[in-house]
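Q: I have a structure here, written as structure tokens, and I will follow up with some questions on it.
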Amino acid sequence: MGARERWEVGELAAGLPSWRPGPTRDWLCRMLLASVDLPPLDRVAAFDNDGTLACEKPAPSVHAYLTHLVSDAHPADGHDTERLLAAALAGLTPSQAAAKAEDFLARACHPRFHLSYPQIIYRPMRELVQLLHRLDFTVYLVSDGSRDFLRVMASSAYGIRPEHVIGTEAVISWPTGRCMTWPMRGRRGSRRCVPDVYPGRHRHDTCGDKKRPIPL
């Protein structure tokens, strides 16, 4: 459903029932109210995953996924997690890797809350994503975590389309003589393809379409 032409601050606040009433929520609603004057194509929002949309304690979901695949893995940091994950899934097609992620997310539970990882998200942030969609925003998930893992999780957890997930992933190679329009024949390598350099995540927060998100 497309966004209505007129909204009131109170209506927007009603779409954020888990947000505590006060200056923060009021400021956010005023910013969103002002944004509807923009053309829908210019309404772009981007979020990080771990610690912003989802719980990252005692470890991010992708870390749990890695230790599910490699029981003796002890990554030093997030970049090491992605390096080890790329090695663990090397040789698989993207579809095979996605099936492994789907199986993990369907079966695994958070060690503290005993819920599935797509359920261990911040309700206020999910409400904000849903409200942005109602306002005809294109919402991206931008992370230095595993793009293909998050693409599996994003739809059920946040309602974010898989193609709107940007992240780190293994380089895909194709058999000799095959063009790159044959994704089912592609195989994951062990080398990572990082979307942009760090520090400065905001440099790739322009998203894949090069539009700059609205600063909230």
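Note on naming: chains are A, B, ... as they come in the structure tokens, residues start from 1 per chain, ligands start from 1 in the order shown.
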Can you check which parts of stretch 85-187 of chain A lie within 9 Å of stretch 12-21 of chain A? Per residue, the shortest pair of atoms and distance in Å to one decimal, counting only C-alpha atoms, sorted by chain and number, as a Markdown table.
A:
```
| residue | atom | partner | partner_atom | distance |
| --- | --- | --- | --- | --- |
| A:Arg123 | CA | A:Ser18 | CA | 6.9 |
| A:Pro124 | CA | A:Ser18 | CA | 5.3 |
| A:Met125 | CA | A:Leu16 | CA | 8.8 |
| A:Glu127 | CA | A:Leu16 | CA | 5.7 |
| A:Leu128 | CA | A:Leu16 | CA | 6.6 |
| A:Gln130 | CA | A:Gly15 | CA | 8.3 |
| A:Leu131 | CA | A:Gly15 | CA | 6.3 |
```
Q: Each residue of stretch 18-81 of chain A lying at most 12 Å from stretch 95-110 of chain A should get a row with its shortest atom-to-atom pair and the distance in Å to one decimal, counting only C-alpha atoms; could you produce that, ordered by chain and increasing number, as a tab-separated table?
A:
```
residue	atom	partner	partner_atom	distance
A:Ala54	CA	A:His110	CA	11.8
A:Cys55	CA	A:His110	CA	9.8
A:Glu56	CA	A:His110	CA	10.4
A:Lys57	CA	A:His110	CA	9.6
A:Pro58	CA	A:His110	CA	9.2
A:Ala59	CA	A:His110	CA	9.5
A:Pro60	CA	A:His110	CA	9.9
A:Ser61	CA	A:His110	CA	8.3
A:Val62	CA	A:Ala101	CA	9.5
A:His63	CA	A:His110	CA	11.4
A:Ala64	CA	A:His110	CA	8.6
A:Tyr65	CA	A:Phe104	CA	6.9
A:Leu66	CA	A:Ala101	CA	10.1
A:Thr67	CA	A:Phe104	CA	10.9
A:His68	CA	A:Phe104	CA	7.8
A:Leu69	CA	A:Lys100	CA	9.1
```
Q: Using DSSP on the backbone coordinates, identify the residues of stretch 9-164 of chain A assigned to alpha helix (DSSP H); present them as a short mmCIF file (atom, residue, chain, number, x, y, z; two decimals) with N, CA and C atoms, in the first residue's frame.
A:
```cif
data_model
loop_
_atom_site.label_atom_id
_atom_site.label_comp_id
_atom_site.auth_asym_id
_atom_site.auth_seq_id
_atom_site.Cartn_x
_atom_site.Cartn_y
_atom_site.Cartn_z
N VAL A 9 1.43 13.62 13.41
CA VAL A 9 2.45 13.09 14.32
C VAL A 9 1.87 11.99 15.20
N GLY A 10 0.65 12.18 15.66
CA GLY A 10 0.02 11.17 16.52
C GLY A 10 -0.18 9.85 15.80
N GLU A 11 -0.50 9.89 14.52
CA GLU A 11 -0.68 8.66 13.75
C GLU A 11 0.64 7.91 13.61
N LEU A 12 1.72 8.66 13.37
CA LEU A 12 3.02 8.03 13.27
C LEU A 12 3.44 7.44 14.61
N ALA A 13 3.19 8.16 15.69
CA ALA A 13 3.53 7.65 17.02
C ALA A 13 2.77 6.37 17.32
N ALA A 14 1.53 6.27 16.83
CA ALA A 14 0.75 5.05 17.06
C ALA A 14 1.37 3.85 16.38
N PRO A 23 10.68 13.02 24.09
CA PRO A 23 11.30 13.83 23.04
C PRO A 23 11.92 13.02 21.91
N THR A 24 12.48 11.83 22.22
CA THR A 24 13.11 11.03 21.16
C THR A 24 12.08 10.57 20.15
N ARG A 25 10.99 9.97 20.63
CA ARG A 25 9.94 9.50 19.72
C ARG A 25 9.30 10.67 18.98
N ASP A 26 9.07 11.78 19.67
CA ASP A 26 8.45 12.94 19.02
C ASP A 26 9.35 13.50 17.92
N TRP A 27 10.65 13.57 18.20
CA TRP A 27 11.58 14.06 17.18
C TRP A 27 11.59 13.15 15.97
N LEU A 28 11.61 11.83 16.21
CA LEU A 28 11.61 10.87 15.11
C LEU A 28 10.35 11.02 14.27
N CYS A 29 9.20 11.16 14.92
CA CYS A 29 7.94 11.29 14.18
C CYS A 29 7.92 12.57 13.36
N ARG A 30 8.49 13.65 13.90
CA ARG A 30 8.55 14.90 13.12
C ARG A 30 9.45 14.74 11.89
N MET A 31 10.56 14.03 12.06
CA MET A 31 11.45 13.79 10.92
C MET A 31 10.76 12.95 9.85
N LEU A 32 10.03 11.93 10.28
CA LEU A 32 9.32 11.09 9.33
C LEU A 32 8.21 11.87 8.64
N LEU A 33 7.54 12.73 9.40
CA LEU A 33 6.48 13.54 8.82
C LEU A 33 7.04 14.46 7.74
N ALA A 34 8.21 15.03 7.97
CA ALA A 34 8.83 15.91 6.98
C ALA A 34 9.28 15.12 5.75
N SER A 35 9.63 13.84 5.94
CA SER A 35 10.18 13.05 4.84
C SER A 35 9.14 12.72 3.78
N SER A 61 24.37 -13.31 15.66
CA SER A 61 23.80 -14.55 15.12
C SER A 61 24.75 -15.21 14.12
N VAL A 62 25.49 -14.43 13.35
CA VAL A 62 26.39 -15.04 12.36
C VAL A 62 27.54 -15.76 13.06
N HIS A 63 27.94 -15.30 14.25
CA HIS A 63 28.96 -16.01 15.02
C HIS A 63 28.43 -17.38 15.46
N ALA A 64 27.18 -17.40 15.91
CA ALA A 64 26.57 -18.67 16.28
C ALA A 64 26.47 -19.61 15.07
N TYR A 65 26.19 -19.03 13.92
CA TYR A 65 26.12 -19.83 12.69
C TYR A 65 27.48 -20.43 12.36
N LEU A 66 28.54 -19.65 12.51
CA LEU A 66 29.88 -20.16 12.25
C LEU A 66 30.21 -21.33 13.18
N THR A 67 29.95 -21.17 14.48
CA THR A 67 30.27 -22.25 15.40
C THR A 67 29.38 -23.47 15.20
N HIS A 68 28.21 -23.28 14.60
CA HIS A 68 27.37 -24.41 14.21
C HIS A 68 28.04 -25.19 13.07
N LEU A 69 28.68 -24.47 12.15
CA LEU A 69 29.34 -25.12 11.02
C LEU A 69 30.71 -25.67 11.39
N GLY A 78 34.82 -9.71 14.24
CA GLY A 78 33.84 -9.90 13.18
C GLY A 78 34.46 -10.21 11.83
N HIS A 79 35.58 -9.56 11.52
CA HIS A 79 36.24 -9.82 10.24
C HIS A 79 36.77 -11.24 10.19
N ASP A 80 37.27 -11.73 11.32
CA ASP A 80 37.75 -13.11 11.38
C ASP A 80 36.59 -14.08 11.24
N THR A 81 35.44 -13.73 11.81
CA THR A 81 34.25 -14.56 11.65
C THR A 81 33.91 -14.73 10.17
N GLU A 82 33.92 -13.62 9.43
CA GLU A 82 33.58 -13.69 8.00
C GLU A 82 34.61 -14.48 7.21
N ARG A 83 35.89 -14.36 7.59
CA ARG A 83 36.95 -15.11 6.90
C ARG A 83 36.76 -16.61 7.11
N LEU A 84 36.49 -17.00 8.35
CA LEU A 84 36.29 -18.41 8.65
C LEU A 84 34.99 -18.95 8.04
N LEU A 85 33.97 -18.11 7.99
CA LEU A 85 32.70 -18.53 7.39
C LEU A 85 32.87 -18.75 5.89
N ALA A 86 33.61 -17.86 5.24
CA ALA A 86 33.85 -18.03 3.81
C ALA A 86 34.58 -19.34 3.54
N ALA A 87 35.55 -19.68 4.39
CA ALA A 87 36.29 -20.93 4.22
C ALA A 87 35.39 -22.13 4.46
N ALA A 88 34.49 -22.05 5.45
CA ALA A 88 33.62 -23.18 5.79
C ALA A 88 32.62 -23.48 4.68
N PRO A 94 25.55 -20.65 -4.24
CA PRO A 94 24.79 -19.74 -3.36
C PRO A 94 23.52 -20.37 -2.81
N SER A 95 22.84 -21.19 -3.62
CA SER A 95 21.61 -21.83 -3.16
C SER A 95 21.89 -22.85 -2.06
N GLN A 96 22.98 -23.59 -2.19
CA GLN A 96 23.34 -24.56 -1.15
C GLN A 96 23.70 -23.86 0.15
N ALA A 97 24.44 -22.75 0.04
CA ALA A 97 24.80 -21.99 1.24
C ALA A 97 23.56 -21.40 1.89
N ALA A 98 22.62 -20.90 1.09
CA ALA A 98 21.38 -20.35 1.64
C ALA A 98 20.58 -21.43 2.35
N ALA A 99 20.57 -22.66 1.81
CA ALA A 99 19.84 -23.76 2.44
C ALA A 99 20.43 -24.08 3.81
N LYS A 100 21.75 -24.01 3.95
CA LYS A 100 22.38 -24.24 5.24
C LYS A 100 21.98 -23.15 6.25
N ALA A 101 21.94 -21.91 5.79
CA ALA A 101 21.53 -20.82 6.67
C ALA A 101 20.07 -20.98 7.08
N GLU A 102 19.21 -21.35 6.15
CA GLU A 102 17.79 -21.56 6.46
C GLU A 102 17.61 -22.65 7.50
N ASP A 103 18.36 -23.74 7.35
CA ASP A 103 18.26 -24.84 8.30
C ASP A 103 18.71 -24.40 9.69
N PHE A 104 19.81 -23.65 9.76
CA PHE A 104 20.30 -23.16 11.05
C PHE A 104 19.27 -22.24 11.70
N LEU A 105 18.74 -21.28 10.95
CA LEU A 105 17.80 -20.31 11.52
C LEU A 105 16.49 -20.96 11.94
N ALA A 106 16.14 -22.08 11.31
CA ALA A 106 14.91 -22.78 11.67
C ALA A 106 15.07 -23.61 12.93
N ARG A 107 16.32 -24.02 13.23
CA ARG A 107 16.53 -24.96 14.33
C ARG A 107 17.23 -24.35 15.54
N ARG A 123 12.12 -5.05 19.17
CA ARG A 123 10.77 -4.76 18.70
C ARG A 123 10.59 -3.31 18.27
N PRO A 124 11.12 -2.33 19.03
CA PRO A 124 10.95 -0.94 18.57
C PRO A 124 11.55 -0.69 17.19
N MET A 125 12.68 -1.36 16.89
CA MET A 125 13.31 -1.14 15.58
C MET A 125 12.51 -1.83 14.47
N ARG A 126 11.94 -2.98 14.77
CA ARG A 126 11.09 -3.63 13.76
C ARG A 126 9.87 -2.75 13.46
N GLU A 127 9.31 -2.15 14.51
CA GLU A 127 8.18 -1.24 14.30
C GLU A 127 8.59 -0.07 13.42
N LEU A 128 9.80 0.44 13.63
CA LEU A 128 10.27 1.56 12.81
C LEU A 128 10.43 1.14 11.36
N VAL A 129 11.00 -0.04 11.12
CA VAL A 129 11.14 -0.54 9.75
C VAL A 129 9.77 -0.68 9.09
N GLN A 130 8.80 -1.24 9.83
CA GLN A 130 7.45 -1.40 9.28
C GLN A 130 6.82 -0.05 8.96
N LEU A 131 7.04 0.93 9.83
CA LEU A 131 6.47 2.25 9.59
C LEU A 131 7.13 2.90 8.37
N LEU A 132 8.42 2.73 8.23
CA LEU A 132 9.11 3.26 7.05
C LEU A 132 8.55 2.65 5.76
N HIS A 133 8.27 1.37 5.79
CA HIS A 133 7.67 0.74 4.61
C HIS A 133 6.29 1.34 4.32
N ARG A 134 5.52 1.60 5.36
CA ARG A 134 4.21 2.23 5.16
C ARG A 134 4.34 3.62 4.56
N ARG A 147 26.48 -11.26 3.97
CA ARG A 147 25.33 -10.82 3.18
C ARG A 147 24.34 -11.97 2.96
N ASP A 148 24.84 -13.13 2.54
CA ASP A 148 23.94 -14.22 2.19
C ASP A 148 23.23 -14.80 3.41
N PHE A 149 23.90 -14.81 4.57
CA PHE A 149 23.24 -15.24 5.80
C PHE A 149 22.14 -14.25 6.18
N LEU A 150 22.46 -12.96 6.12
CA LEU A 150 21.48 -11.94 6.50
C LEU A 150 20.33 -11.87 5.50
N ARG A 151 20.58 -12.18 4.23
CA ARG A 151 19.49 -12.18 3.26
C ARG A 151 18.46 -13.24 3.60
N VAL A 152 18.90 -14.37 4.14
CA VAL A 152 17.96 -15.40 4.56
C VAL A 152 17.16 -14.94 5.78
N MET A 153 17.83 -14.25 6.70
CA MET A 153 17.20 -13.85 7.95
C MET A 153 16.33 -12.60 7.83
N ALA A 154 16.70 -11.69 6.92
CA ALA A 154 16.09 -10.35 6.91
C ALA A 154 14.60 -10.36 6.61
N SER A 155 14.16 -11.23 5.74
CA SER A 155 12.75 -11.20 5.35
C SER A 155 11.84 -11.55 6.52
N SER A 156 12.14 -12.65 7.22
CA SER A 156 11.28 -13.07 8.32
C SER A 156 11.48 -12.20 9.56
N ALA A 157 12.70 -11.72 9.79
CA ALA A 157 12.98 -10.96 11.00
C ALA A 157 12.48 -9.53 10.90
N TYR A 158 12.69 -8.90 9.73
CA TYR A 158 12.42 -7.46 9.61
C TYR A 158 11.46 -7.09 8.49
#
```
Q: At what distance in Å, to one decimal, does atom CA of A:Leu38 lie from atom CA of A:Arg6?
A: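 Computing it gives 12.6 Å between the two atoms.
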Q: What is the distance between atom CA of A:Gly167 and atom CA of A:Tyr122, in Å to one decimal?
A: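 Between these atoms lies a distance of 20.3 Å.
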Q: Name the residues of chain A that come out as strand (DSSP E or B) in a backbone DSSP run; write them as a PyMOL selection string.
A: chain A and resi 44-47+50+54+121+138-146+165-173+187-193
Q: Only C-alpha atoms, please: the residues just picked out, written as a compact mmCIF listing (two decimals), in the first residue's frame.
A:
```
# COMPACT_ATOMS: atom_id res chain seq x y z
CA VAL A 44 15.82 5.57 1.45
CA ALA A 45 16.74 4.31 4.93
CA ALA A 46 19.62 2.03 5.95
CA PHE A 47 20.27 0.14 9.18
CA ASP A 50 24.07 -6.39 15.07
CA ALA A 54 19.21 -7.41 16.53
CA ILE A 121 15.42 -8.57 17.45
CA THR A 138 13.09 1.62 0.54
CA VAL A 139 14.79 0.07 3.58
CA TYR A 140 18.27 -1.45 3.37
CA LEU A 141 20.20 -3.61 5.79
CA VAL A 142 23.89 -2.64 5.48
CA SER A 143 26.41 -4.71 7.42
CA ASP A 144 29.98 -5.96 7.34
CA GLY A 145 28.46 -9.34 8.29
CA SER A 146 27.60 -12.16 5.90
CA VAL A 165 20.74 -6.52 2.09
CA ILE A 166 24.31 -5.33 1.54
CA GLY A 167 27.23 -7.02 3.28
CA THR A 168 30.44 -8.99 3.08
CA GLU A 169 30.46 -12.22 1.11
CA ALA A 170 32.73 -14.75 -0.54
CA VAL A 171 33.76 -14.20 -4.14
CA ILE A 172 31.66 -16.32 -6.52
CA SER A 173 33.46 -18.04 -9.38
CA ARG A 187 30.63 -21.64 -6.57
CA ARG A 188 31.66 -19.81 -3.45
CA GLY A 189 35.36 -19.27 -2.92
CA SER A 190 37.25 -18.81 0.34
CA ARG A 191 38.19 -15.18 -0.42
CA ARG A 192 35.90 -12.45 0.88
CA CYS A 193 34.48 -9.63 -1.19
```
Q: Record the distance separating atom CA of A:Glu163 and atom CA of A:Phe113, expressed in Å with one decimal.
A: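 Atom CA of A:Phe113 lies 29.3 Å from atom CA of A:Glu163.
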